[in-house]
file start.cif (mmCIF, C-alpha atoms and all ligand atoms)
data_work
#
loop_
_atom_site.label_atom_id
_atom_site.label_comp_id
_atom_site.auth_asym_id
_atom_site.auth_seq_id
_atom_site.Cartn_x
_atom_site.Cartn_y
_atom_site.Cartn_z
CA MET S 1 -9.90 1.17 18.25
CA SER S 2 -11.63 4.44 18.98
CA PHE S 3 -10.27 6.72 16.26
CA VAL S 4 -11.40 6.66 12.64
CA MET S 5 -8.69 5.11 10.49
CA LYS S 6 -8.47 7.26 7.39
CA LEU S 7 -5.38 6.99 5.23
CA HIS S 8 -4.19 9.90 3.17
CA PRO S 9 -2.30 8.96 0.00
CA VAL S 10 -0.02 11.52 -1.64
CA LEU S 11 1.94 11.31 -4.90
CA VAL S 12 5.37 12.73 -4.17
CA ASN S 13 6.07 13.60 -7.84
CA PRO S 14 3.84 14.95 -10.64
CA GLU S 15 1.87 12.23 -12.45
CA TYR S 16 4.25 12.18 -15.41
CA GLN S 17 7.40 11.67 -13.31
CA ASP S 18 8.72 8.67 -11.35
CA PRO S 19 6.18 6.84 -9.16
CA VAL S 20 6.50 7.42 -5.40
CA LEU S 21 3.27 7.11 -3.40
CA LEU S 22 3.46 8.14 0.26
CA ILE S 23 0.88 7.01 2.82
CA SER S 24 1.22 8.11 6.41
CA ILE S 25 -0.45 6.16 9.17
CA PRO S 26 -2.46 8.48 11.41
CA GLN S 27 -1.63 8.49 15.12
CA LYS S 28 1.65 6.67 14.42
CA ALA S 29 4.98 8.10 13.45
CA GLU S 30 4.93 5.82 10.43
CA VAL S 31 5.23 6.40 6.69
CA LEU S 32 4.75 3.75 3.99
CA ILE S 33 6.15 4.17 0.48
CA PHE S 34 4.88 2.45 -2.65
CA ASP S 35 7.62 2.50 -5.30
CA LEU S 36 10.73 4.53 -4.99
CA GLY S 37 11.67 6.36 -8.17
CA TYR S 38 13.45 9.71 -8.13
CA CYS S 39 12.46 11.13 -4.75
CA PHE S 40 14.54 14.20 -3.90
CA ARG S 41 11.34 16.04 -3.03
CA LEU S 42 10.72 13.72 -0.06
CA LYS S 43 11.10 15.65 3.17
CA ILE S 44 13.66 14.40 5.66
CA ARG S 45 11.07 14.23 8.44
CA ASP S 46 9.01 11.80 6.31
CA ILE S 47 12.03 9.75 5.25
CA GLN S 48 12.93 9.29 8.90
CA LYS S 49 9.47 7.82 9.57
CA ILE S 50 9.56 5.24 6.75
CA THR S 51 8.97 1.74 8.13
CA ARG S 52 7.99 -0.18 4.99
CA ILE S 53 8.74 0.18 1.29
CA PHE S 54 6.61 -1.71 -1.24
CA ILE S 55 8.30 -2.03 -4.64
CA SER S 56 6.31 -3.07 -7.73
CA HIS S 57 9.42 -3.98 -9.76
CA THR S 58 12.97 -2.72 -10.01
CA HIS S 59 13.00 -0.81 -13.28
CA ILE S 60 15.11 2.25 -12.52
CA ASP S 61 12.17 4.69 -12.47
CA HIS S 62 10.65 2.67 -9.60
CA PHE S 63 13.77 2.02 -7.52
CA ALA S 64 16.41 4.70 -8.13
CA GLY S 65 15.34 6.54 -4.95
CA PHE S 66 16.59 3.75 -2.68
CA ASP S 67 20.01 5.39 -2.37
CA HIS S 68 18.47 8.69 -1.30
CA ILE S 69 16.50 6.98 1.47
CA LEU S 70 19.59 5.02 2.51
CA ARG S 71 21.71 8.18 2.66
CA LEU S 72 19.24 10.10 4.83
CA SER S 73 18.37 7.20 7.19
CA VAL S 74 21.70 5.46 7.61
CA ASP S 75 22.35 6.79 11.11
CA ILE S 76 18.83 6.10 12.40
CA GLU S 77 18.38 3.03 14.56
CA LYS S 78 15.48 1.21 12.90
CA THR S 79 14.63 -1.64 10.55
CA VAL S 80 12.99 -0.82 7.24
CA SER S 81 11.04 -3.68 5.65
CA VAL S 82 11.23 -3.83 1.86
CA TYR S 83 8.75 -5.90 -0.19
CA GLY S 84 9.13 -6.70 -3.87
CA PRO S 85 8.93 -9.31 -6.62
CA PRO S 86 11.47 -12.12 -7.25
CA GLY S 87 14.95 -10.59 -7.52
CA ILE S 88 14.39 -7.86 -4.90
CA ILE S 89 16.84 -9.46 -2.43
CA ARG S 90 19.60 -9.43 -5.06
CA ASN S 91 18.70 -5.85 -6.01
CA VAL S 92 18.82 -4.52 -2.43
CA GLU S 93 21.97 -6.52 -1.70
CA GLY S 94 23.53 -4.99 -4.83
CA LYS S 95 22.61 -1.45 -3.77
CA LEU S 96 24.09 -2.01 -0.30
CA ALA S 97 27.22 -3.59 -1.79
CA GLY S 98 27.78 -0.37 -3.76
CA TYR S 99 29.43 1.35 -0.78
CA PHE S 100 32.21 0.70 1.71
CA TRP S 101 30.86 0.19 5.21
CA ASN S 102 34.18 -0.13 7.07
CA LEU S 103 33.12 2.58 9.58
CA LYS S 104 30.28 0.39 10.75
CA ALA S 105 29.80 2.07 14.13
CA GLY S 106 27.52 4.85 12.85
CA VAL S 107 25.52 2.60 10.54
CA MET S 108 22.36 2.05 12.55
CA LEU S 109 19.85 1.34 9.79
CA ASN S 110 18.82 -2.27 9.10
CA PHE S 111 16.78 -3.79 6.28
CA GLU S 112 14.50 -6.79 6.19
CA VAL S 113 13.86 -7.69 2.55
CA ASN S 114 10.80 -9.75 1.65
CA GLU S 115 10.81 -11.31 -1.82
CA VAL S 116 7.26 -12.25 -2.77
CA HIS S 117 6.85 -15.46 -4.82
CA PRO S 118 3.51 -17.09 -5.75
CA ASP S 119 3.77 -19.67 -2.93
CA LYS S 120 6.34 -18.24 -0.51
CA ILE S 121 8.20 -15.25 0.81
CA LEU S 122 11.99 -15.28 0.92
CA ARG S 123 13.23 -13.07 3.74
CA LYS S 124 16.74 -11.80 4.31
CA ARG S 125 18.06 -9.30 6.84
CA PHE S 126 20.87 -6.83 6.27
CA ILE S 127 22.27 -5.34 9.47
CA GLY S 128 24.01 -1.95 9.33
CA ASN S 129 26.64 -2.58 11.99
CA GLU S 130 27.56 -5.83 10.21
CA GLY S 131 28.31 -3.83 7.06
CA TYR S 132 25.15 -5.23 5.44
CA GLU S 133 26.95 -8.50 4.77
CA ASN S 134 24.79 -11.61 5.10
CA PRO S 135 26.11 -14.79 3.48
CA GLU S 136 23.23 -16.90 4.86
CA PRO S 137 20.50 -18.12 2.48
CA PRO S 138 17.14 -16.38 2.91
CA GLU S 139 14.51 -17.67 5.30
CA VAL S 140 11.61 -19.38 3.45
CA ILE S 141 8.10 -18.54 4.66
CA PRO S 142 5.08 -20.28 3.07
CA HIS S 143 2.65 -17.68 1.75
CA SER S 144 -0.45 -17.61 -0.42
CA PRO S 145 -1.58 -14.50 -2.33
CA SER S 146 -4.87 -14.48 -0.40
CA GLU S 147 -2.98 -13.82 2.86
CA PRO S 148 -1.81 -10.32 3.76
CA LEU S 149 1.89 -9.58 3.32
CA VAL S 150 1.68 -7.35 6.38
CA LYS S 151 -0.89 -7.20 9.16
CA THR S 152 -0.63 -4.68 11.97
CA ASP S 153 -3.14 -3.22 14.44
CA GLU S 154 -3.66 -0.32 12.02
CA TYR S 155 -3.57 -1.83 8.52
CA SER S 156 -3.04 -4.85 6.25
CA VAL S 157 -1.31 -4.96 2.86
CA PHE S 158 -2.08 -7.51 0.14
CA SER S 159 -0.28 -8.11 -3.16
CA ALA S 160 -0.97 -9.64 -6.56
CA THR S 161 1.58 -10.66 -9.17
CA LEU S 162 0.93 -9.12 -12.60
CA ASN S 163 3.00 -9.27 -15.79
CA HIS S 164 5.42 -6.64 -17.13
CA ARG S 165 7.43 -9.20 -19.11
CA MET S 166 8.71 -9.83 -15.60
CA PRO S 167 6.72 -10.28 -12.38
CA VAL S 168 5.37 -6.97 -11.06
CA LEU S 169 3.53 -6.58 -7.77
CA ALA S 170 0.30 -4.64 -7.38
CA TYR S 171 -0.73 -3.76 -3.82
CA ARG S 172 -3.78 -2.94 -1.73
CA ILE S 173 -3.58 -1.41 1.73
CA GLU S 174 -6.61 -1.62 3.99
CA ALA S 175 -6.84 0.38 7.19
CA VAL S 176 -8.69 -1.42 9.98
CA ASP S 177 -12.35 -0.64 10.43
CA SER S 178 -13.20 1.34 13.53
CA TYR S 179 -16.42 1.45 15.59
CA ASN S 180 -18.25 4.14 17.48
CA ALA S 181 -21.11 4.05 19.96
CA ASP S 182 -24.12 6.31 19.35
CA VAL S 183 -24.44 8.24 22.61
CA GLU S 184 -27.91 9.59 21.70
CA VAL S 185 -29.32 6.09 21.22
CA MET S 186 -27.73 5.02 24.51
CA LYS S 187 -29.52 7.91 26.28
CA GLU S 188 -32.84 6.98 24.67
CA LEU S 189 -32.43 3.43 25.95
CA GLY S 190 -31.54 4.74 29.42
CA LEU S 191 -28.05 3.22 29.30
CA SER S 192 -24.96 4.87 30.71
CA PRO S 193 -21.48 4.22 29.25
CA GLY S 194 -19.45 1.36 30.65
CA LYS S 195 -17.22 -1.57 29.80
CA TRP S 196 -20.13 -3.16 27.96
CA VAL S 197 -19.68 -0.71 25.05
CA GLY S 198 -16.30 -2.33 24.34
CA GLU S 199 -17.99 -5.75 24.44
CA LEU S 200 -20.48 -4.61 21.80
CA LYS S 201 -17.70 -3.26 19.55
CA ARG S 202 -15.89 -6.57 19.86
CA TYR S 203 -19.13 -8.40 19.02
CA ILE S 204 -19.44 -6.44 15.77
CA SER S 205 -15.75 -6.38 14.77
CA GLU S 206 -15.16 -10.08 15.40
CA ASN S 207 -18.61 -11.09 14.14
CA VAL S 208 -19.24 -13.16 17.27
CA MET S 209 -22.30 -15.30 16.56
CA ASP S 210 -22.84 -17.03 19.90
CA ALA S 211 -22.53 -14.10 22.30
CA LYS S 212 -24.25 -14.46 25.66
CA PRO S 213 -26.87 -11.88 26.66
CA LEU S 214 -25.16 -8.75 27.97
CA GLU S 215 -25.76 -7.70 31.57
CA ILE S 216 -25.91 -3.94 32.14
CA ASP S 217 -26.83 -2.61 35.60
CA GLY S 218 -28.48 -5.92 36.50
CA LYS S 219 -30.60 -6.14 33.35
CA HIS S 220 -30.01 -8.59 30.48
CA TYR S 221 -29.96 -7.48 26.84
CA ASP S 222 -29.68 -9.38 23.55
CA THR S 223 -26.10 -8.57 22.50
CA GLY S 224 -26.71 -8.64 18.73
CA GLU S 225 -29.80 -6.47 18.91
CA LEU S 226 -28.13 -3.91 21.17
CA ALA S 227 -25.00 -3.82 19.00
CA SER S 228 -27.03 -3.16 15.84
CA LYS S 229 -28.80 -0.25 17.58
CA ILE S 230 -25.80 1.39 19.20
CA ILE S 231 -22.59 0.55 17.33
CA GLY S 232 -21.73 2.17 13.99
CA LYS S 233 -18.90 1.05 11.70
CA ASN S 234 -16.40 3.43 10.07
CA PRO S 235 -14.74 1.47 7.29
CA GLY S 236 -10.97 1.97 7.07
CA THR S 237 -9.60 3.48 3.88
CA ARG S 238 -8.60 1.08 1.10
CA ILE S 239 -5.99 2.13 -1.44
CA ALA S 240 -4.89 0.05 -4.43
CA TYR S 241 -1.72 0.60 -6.45
CA ILE S 242 -1.22 -0.89 -9.93
CA VAL S 243 1.65 -0.03 -12.28
CA ASP S 244 3.42 -1.44 -15.31
CA THR S 245 1.45 -4.47 -16.40
CA ILE S 246 -0.03 -5.85 -19.55
CA CYS S 247 -3.81 -6.21 -19.56
CA ASP S 248 -4.68 -9.73 -20.72
CA ASP S 249 -6.95 -12.63 -19.76
CA ILE S 250 -4.66 -13.56 -16.85
CA THR S 251 -3.76 -10.16 -15.41
CA ALA S 252 -7.10 -8.33 -15.82
CA PRO S 253 -9.02 -10.44 -13.23
CA LEU S 254 -6.05 -10.25 -10.82
CA ALA S 255 -5.93 -6.46 -11.19
CA VAL S 256 -9.69 -6.17 -10.60
CA ASN S 257 -9.40 -8.37 -7.53
CA ILE S 258 -6.57 -6.41 -5.91
CA ALA S 259 -8.41 -3.12 -6.59
CA ARG S 260 -11.82 -4.32 -5.42
CA GLN S 261 -13.79 -1.73 -3.44
CA ALA S 262 -10.73 0.50 -3.04
CA ASP S 263 -11.54 4.09 -2.13
CA TYR S 264 -8.64 5.14 -4.34
CA LEU S 265 -7.05 3.21 -7.19
CA PHE S 266 -3.69 4.65 -8.24
CA CYS S 267 -3.23 3.13 -11.67
CA GLU S 268 -0.70 3.68 -14.41
CA CYS S 269 -2.16 5.05 -17.62
CA ALA S 270 1.01 4.96 -19.67
CA TYR S 271 -0.74 4.96 -23.05
CA MET S 272 -3.97 6.02 -24.72
CA ASN S 273 -6.25 3.58 -26.46
CA ALA S 274 -5.02 4.68 -29.92
CA GLU S 275 -1.63 3.18 -28.98
CA LYS S 276 -3.00 0.04 -27.37
CA ASP S 277 -0.82 -2.23 -29.53
CA LEU S 278 2.27 -0.36 -28.39
CA ALA S 279 1.04 -0.59 -24.77
CA ALA S 280 0.71 -4.37 -25.14
CA GLN S 281 4.15 -4.64 -26.79
CA ASN S 282 5.66 -2.77 -23.84
CA TYR S 283 3.54 -4.57 -21.22
CA HIS S 284 1.80 -1.38 -20.07
CA LEU S 285 -1.83 -0.29 -19.58
CA THR S 286 -3.90 2.19 -21.55
CA ALA S 287 -6.23 4.71 -19.91
CA THR S 288 -9.19 2.70 -21.26
CA GLN S 289 -7.89 -0.50 -19.66
CA ALA S 290 -7.19 1.23 -16.33
CA ALA S 291 -10.70 2.73 -16.30
CA THR S 292 -12.23 -0.66 -17.11
CA ILE S 293 -10.35 -2.20 -14.15
CA ALA S 294 -11.58 0.67 -11.93
CA SER S 295 -15.16 0.16 -13.09
CA GLU S 296 -15.17 -3.62 -12.63
CA ALA S 297 -13.50 -3.32 -9.21
CA GLY S 298 -16.10 -0.79 -8.03
CA VAL S 299 -13.50 1.68 -6.77
CA GLY S 300 -14.41 5.08 -5.36
CA GLN S 301 -11.94 7.07 -7.42
CA LEU S 302 -9.41 6.30 -10.15
CA ILE S 303 -6.20 8.31 -9.99
CA PRO S 304 -4.32 7.89 -13.27
CA PHE S 305 -0.56 8.46 -13.23
CA HIS S 306 2.76 7.27 -14.72
CA PHE S 307 1.98 8.77 -18.14
CA SER S 308 4.25 8.24 -21.15
CA LYS S 309 6.21 11.36 -22.08
CA ARG S 310 4.85 11.04 -25.63
CA TYR S 311 1.71 12.81 -24.32
CA ASP S 312 3.64 15.80 -22.92
CA GLY S 313 1.37 18.85 -23.03
CA LYS S 314 -1.80 16.79 -23.48
CA TYR S 315 -1.99 14.69 -20.35
CA HIS S 316 -5.58 15.92 -19.85
CA LEU S 317 -6.55 13.75 -22.86
CA ILE S 318 -5.55 10.66 -20.86
CA LEU S 319 -7.92 11.69 -18.06
CA ASP S 320 -10.68 12.42 -20.59
CA GLU S 321 -10.28 8.96 -22.13
CA ALA S 322 -10.51 7.30 -18.69
CA ARG S 323 -13.59 9.37 -17.78
CA LEU S 324 -15.51 8.04 -20.79
CA ILE S 325 -15.50 4.62 -19.12
CA PHE S 326 -15.26 5.51 -15.42
CA PRO S 327 -16.43 9.02 -14.50
CA GLU S 328 -14.86 9.19 -11.03
CA VAL S 329 -11.41 10.15 -12.24
CA GLY S 330 -9.46 12.28 -9.78
CA LYS S 331 -6.07 13.83 -9.20
CA ALA S 332 -3.85 12.91 -6.31
CA ASP S 333 -3.09 15.42 -3.59
CA LYS S 334 0.29 16.98 -4.22
CA TYR S 335 3.12 16.49 -1.80
ZN ZN R 401 8.52 -0.91 -15.66
ZN ZN R 402 7.44 2.35 -14.88
#
call {"tool": "encode", "arguments": {"input": "start.cif", "output": "structure tokens", "more": "lines below"}}
Ligand SMILES: [Zn+2]
Ligand SMILES: [Zn+2]
result
Amino acid sequence: MSFVMKLHPVLVNPEYQDPVLLISIPQKAEVLIFDLGYCFRLKIRDIQKITRIFISHTHIDHFAGFDHILRLSVDIEKTVSVYGPPGIIRNVEGKLAGYFWNLKAGVMLNFEVNEVHPDKILRKRFIGNEGYENPEPPEVIPHSPSEPLVKTDEYSVFSATLNHRMPVLAYRIEAVDSYNADVEVMKELGLSPGKWVGELKRYISENVMDAKPLEIDGKHYDTGELASKIIGKNPGTRIAYIVDTICDDITAPLAVNIARQADYLFCECAYMNAEKDLAAQNYHLTATQAATIASEAGVGQLIPFHFSKRYDGKYHLILDEARLIFPEVGKADKY
């Protein structure tokens, strides 16, 4: 891949309103959504590009926007993949069953719902011109949490199951790494561009250990040595998304693992440390806990959001508390 794969995450709503994180995939007419609360701000041109929706859990503030997306996409011929914790198939089926679809002809939108369990994915399709009725049981696909939920040429998405007194999914999206050849170094070595540059990129990206010497204009070169001189790596952006979980001995390591080395960690900071008992009672995180996860995961930047309304007018105190533990606290770009 020749272009640099940088992802640009945007929070659709202010930090204290419903979670909706939008990530557009560069060079593709593709938009990914992480959680789908109230979302009337979402522009139609973005809604039309949605290909995948990743839901943490189906509390209303994370899923009420589904109807809005459905309404504005219903006549578009495409399949939207939805991912979520156990129960998501029933929840989507219930949403779709909330309307009459007797005029099926104009209903072009389809859904593929993926229900993520610890050892498997249950998958069920709902087809628009069949009135979204599907009496068949879901397809069962073996799956382990170490495998990506999604893998495309541009990105992969992983999930972890945390605990909100119900299973809640945290996610990490990783754009693919890209590689570039240093033209100046090539000149210094007296080499002109050719197919061999692609071979070197493949050598680095696939970590080929037993590559044969490379022949360029009749001369033989050590592939590994040449690759290390000429090929540079541009790491793809990594973004982690964690909301609505208790922080305990089981969830903390899982949260750190899903956030590891993320450039951006979007993390709920529902409560402040002074209310940590209340946070635990309600299975939410404090700013101190979120910042500790960010620090242990070695993230580039922590972006706190999903604040409790009890801090209305003093949300900056939440950021200050997080900064005491992890200085790289940032704000998301606004939609
Ligand atoms: Zn919740
Ligand atoms: Zn919530």
call {"tool": "residues_near_ligand", "arguments": {"input": "start.cif", "ligand": "ligand ZN 401 (chain R)", "cutoff": "7 Å", "atoms": "only C-alpha atoms and all ligand atoms", "output": "ChimeraX atom specification"}}
result
/S:57,59,164,244
call {"tool": "atom_distance", "arguments": {"input": "start.cif", "atom1": "CA of Val20 (chain S)", "atom2": "CA of Gly65 (chain S)"}}
result
8.9 Å
call {"tool": "residues_near_ligand", "arguments": {"input": "start.cif", "ligand": "ligand ZN 402 (chain R)", "cutoff": "9 Å", "atoms": "all atoms listed in the file", "output": "PyMOL selection string"}}
result
chain S and resi 18-19+37+57-62+243-244+268+270+284+306
call {"tool": "axis_aligned_box", "arguments": {"input": "start.cif", "around": "region 318-328 of chain S", "padding_each_side": "3 Å", "output": "JSON"}}
result
{"center_x": -11.0, "center_y": 8.5, "center_z": -16.6, "size_x": 16.9, "size_y": 13.8, "size_z": 17.1}
call {"tool": "closest_residue", "arguments": {"input": "start.cif", "among": "S:Val299, S:Ala294, S:Ala280, S:Met186", "to": "Lys229 (chain S)", "atoms": "all atoms listed in the file"}}
result
S:Met186
call {"tool": "atom_distance", "arguments": {"input": "start.cif", "atom1": "CA of Met166 (chain S)", "atom2": "CA of Val12 (chain S)"}}
result
25.5 Å
call {"tool": "closest_residue", "arguments": {"input": "start.cif", "among": "S:His68, S:His143, S:Lys104, S:Arg41", "to": "Lys120 (chain S)", "atoms": "all atoms listed in the file"}}
result
S:His143
call {"tool": "closest_atom_pairs", "arguments": {"input": "start.cif", "of": "region 102-183 of chain S", "to": "region 245-264 of chain S", "cutoff": "8 Å", "atoms": "only C-alpha atoms", "output": "JSON lines"}}
result
{"residue": "S:Phe158", "atom": "CA", "partner": "S:Ile258", "partner_atom": "CA", "distance": 7.6}
{"residue": "S:Ser159", "atom": "CA", "partner": "S:Ile258", "partner_atom": "CA", "distance": 7.1}
{"residue": "S:Ala160", "atom": "CA", "partner": "S:Ile258", "partner_atom": "CA", "distance": 6.5}
{"residue": "S:Thr161", "atom": "CA", "partner": "S:Leu254", "partner_atom": "CA", "distance": 7.8}
{"residue": "S:Leu162", "atom": "CA", "partner": "S:Thr251", "partner_atom": "CA", "distance": 5.6}
{"residue": "S:Asn163", "atom": "CA", "partner": "S:Thr245", "partner_atom": "CA", "distance": 5.1}
{"residue": "S:His164", "atom": "CA", "partner": "S:Thr245", "partner_atom": "CA", "distance": 4.6}
{"residue": "S:Val168", "atom": "CA", "partner": "S:Thr245", "partner_atom": "CA", "distance": 7.1}
{"residue": "S:Ala170", "atom": "CA", "partner": "S:Ile258", "partner_atom": "CA", "distance": 7.2}
{"residue": "S:Tyr171", "atom": "CA", "partner": "S:Ile258", "partner_atom": "CA", "distance": 6.7}
{"residue": "S:Arg172", "atom": "CA", "partner": "S:Ile258", "partner_atom": "CA", "distance": 6.1}
call {"tool": "atom_distance", "arguments": {"input": "start.cif", "atom1": "CA of Val116 (chain S)", "atom2": "CA of Ile25 (chain S)"}}
result
23.3 Å
call {"tool": "residues_around", "arguments": {"input": "start.cif", "residues": "Tyr83 (chain S)", "least_positions_apart": "3", "cutoff": "8 Å", "atoms": "all atoms listed in the file", "output": "compact mmCIF listing (two decimals) with C-alpha atoms, in the coordinates of the input"}}
result
# COMPACT_ATOMS: atom_id res chain seq x y z
CA ARG S 52 7.99 -0.18 4.99
CA ILE S 53 8.74 0.18 1.29
CA PHE S 54 6.61 -1.71 -1.24
CA ILE S 55 8.30 -2.03 -4.64
CA ILE S 88 14.39 -7.86 -4.90
CA VAL S 113 13.86 -7.69 2.55
CA ASN S 114 10.80 -9.75 1.65
CA GLU S 115 10.81 -11.31 -1.82
CA VAL S 116 7.26 -12.25 -2.77
call {"tool": "closest_residue", "arguments": {"input": "start.cif", "among": "S:Ile173, S:Ala211, S:Ala332, S:Ala240", "to": "Thr152 (chain S)", "atoms": "only C-alpha atoms"}}
result
S:Ile173
call {"tool": "closest_residue", "arguments": {"input": "start.cif", "among": "S:His117, S:Glu112, S:Ile204, S:Glu215", "to": "Leu191 (chain S)", "atoms": "only C-alpha atoms"}}
result
S:Glu215
call {"tool": "closest_residue", "arguments": {"input": "start.cif", "among": "S:Asn13, S:Asn207, S:Thr79, S:Asn273", "to": "Asp35 (chain S)", "atoms": "only C-alpha atoms"}}
result
S:Asn13
call {"tool": "closest_atom_pairs", "arguments": {"input": "start.cif", "of": "region 71-93 of chain S", "to": "region 121-126 of chain S", "cutoff": "10 Å", "atoms": "all atoms listed in the file", "output": "tab-separated table"}}
result
residue	atom	partner	partner_atom	distance
S:Thr79	CA	S:Phe126	CA	9.2
S:Val80	CA	S:Arg125	CA	9.9
S:Ser81	CA	S:Arg125	CA	9.1
S:Val82	CA	S:Arg123	CA	9.6
S:Tyr83	CA	S:Arg123	CA	9.3
S:Gly84	CA	S:Ile121	CA	9.8
S:Pro85	CA	S:Ile121	CA	9.5
S:Pro86	CA	S:Leu122	CA	8.8
S:Ile88	CA	S:Leu122	CA	9.7
S:Ile89	CA	S:Lys124	CA	7.1
S:Val92	CA	S:Phe126	CA	9.2
S:Glu93	CA	S:Phe126	CA	8.1
call {"tool": "closest_residue", "arguments": {"input": "start.cif", "among": "S:Gly198, S:Gly236, S:Pro145, S:Gly224", "to": "Val176 (chain S)", "atoms": "all atoms listed in the file"}}
result
S:Gly236
call {"tool": "residues_around", "arguments": {"input": "start.cif", "residues": "region 309-320 of chain S", "least_positions_apart": "6", "cutoff": "8 Å", "atoms": "only C-alpha atoms", "output": "list in words"}}
result
Tyr16, Cys269, Tyr271, Met272, Ala287 and Val329 of chain S
call {"tool": "build_atoms", "arguments": {"input": "start.cif", "residues": "region 235-246 of chain S", "atoms": "N, CA, C and O atoms", "output": "tab-separated table (two decimals), in the frame of the given file"}}
result
chain	number	residue	atom	x	y	z
S	235	PRO	N	-15.68	2.32	8.04
S	235	PRO	CA	-14.74	1.47	7.29
S	235	PRO	C	-13.40	2.16	7.12
S	235	PRO	O	-13.35	3.36	6.86
S	236	GLY	N	-12.32	1.42	7.29
S	236	GLY	CA	-10.97	1.97	7.07
S	236	GLY	C	-10.74	2.21	5.58
S	236	GLY	O	-11.34	1.55	4.74
S	237	THR	N	-9.88	3.16	5.28
S	237	THR	CA	-9.60	3.48	3.88
S	237	THR	C	-8.91	2.30	3.18
S	237	THR	O	-8.06	1.63	3.78
S	238	ARG	N	-9.28	2.09	1.93
S	238	ARG	CA	-8.60	1.08	1.10
S	238	ARG	C	-7.96	1.79	-0.09
S	238	ARG	O	-8.64	2.55	-0.79
S	239	ILE	N	-6.70	1.50	-0.32
S	239	ILE	CA	-5.99	2.13	-1.44
S	239	ILE	C	-5.31	1.04	-2.25
S	239	ILE	O	-4.60	0.19	-1.68
S	240	ALA	N	-5.55	1.03	-3.57
S	240	ALA	CA	-4.89	0.05	-4.43
S	240	ALA	C	-3.88	0.77	-5.32
S	240	ALA	O	-4.06	1.95	-5.66
S	241	TYR	N	-2.84	0.03	-5.70
S	241	TYR	CA	-1.72	0.60	-6.45
S	241	TYR	C	-1.32	-0.39	-7.55
S	241	TYR	O	-0.87	-1.50	-7.26
S	242	ILE	N	-1.53	0.00	-8.80
S	242	ILE	CA	-1.22	-0.89	-9.93
S	242	ILE	C	-0.36	-0.12	-10.94
S	242	ILE	O	-0.77	0.94	-11.41
S	243	VAL	N	0.81	-0.66	-11.25
S	243	VAL	CA	1.65	-0.03	-12.28
S	243	VAL	C	2.26	-1.09	-13.18
S	243	VAL	O	2.48	-2.23	-12.77
S	244	ASP	N	2.56	-0.69	-14.39
S	244	ASP	CA	3.42	-1.44	-15.31
S	244	ASP	C	3.02	-2.90	-15.47
S	244	ASP	O	3.75	-3.82	-15.05
S	245	THR	N	1.88	-3.11	-16.10
S	245	THR	CA	1.45	-4.47	-16.40
S	245	THR	C	0.72	-4.51	-17.73
S	245	THR	O	0.09	-3.52	-18.12
S	246	ILE	N	0.81	-5.63	-18.38
S	246	ILE	CA	-0.03	-5.85	-19.55
S	246	ILE	C	-1.44	-6.16	-19.05
S	246	ILE	O	-1.62	-6.63	-17.92
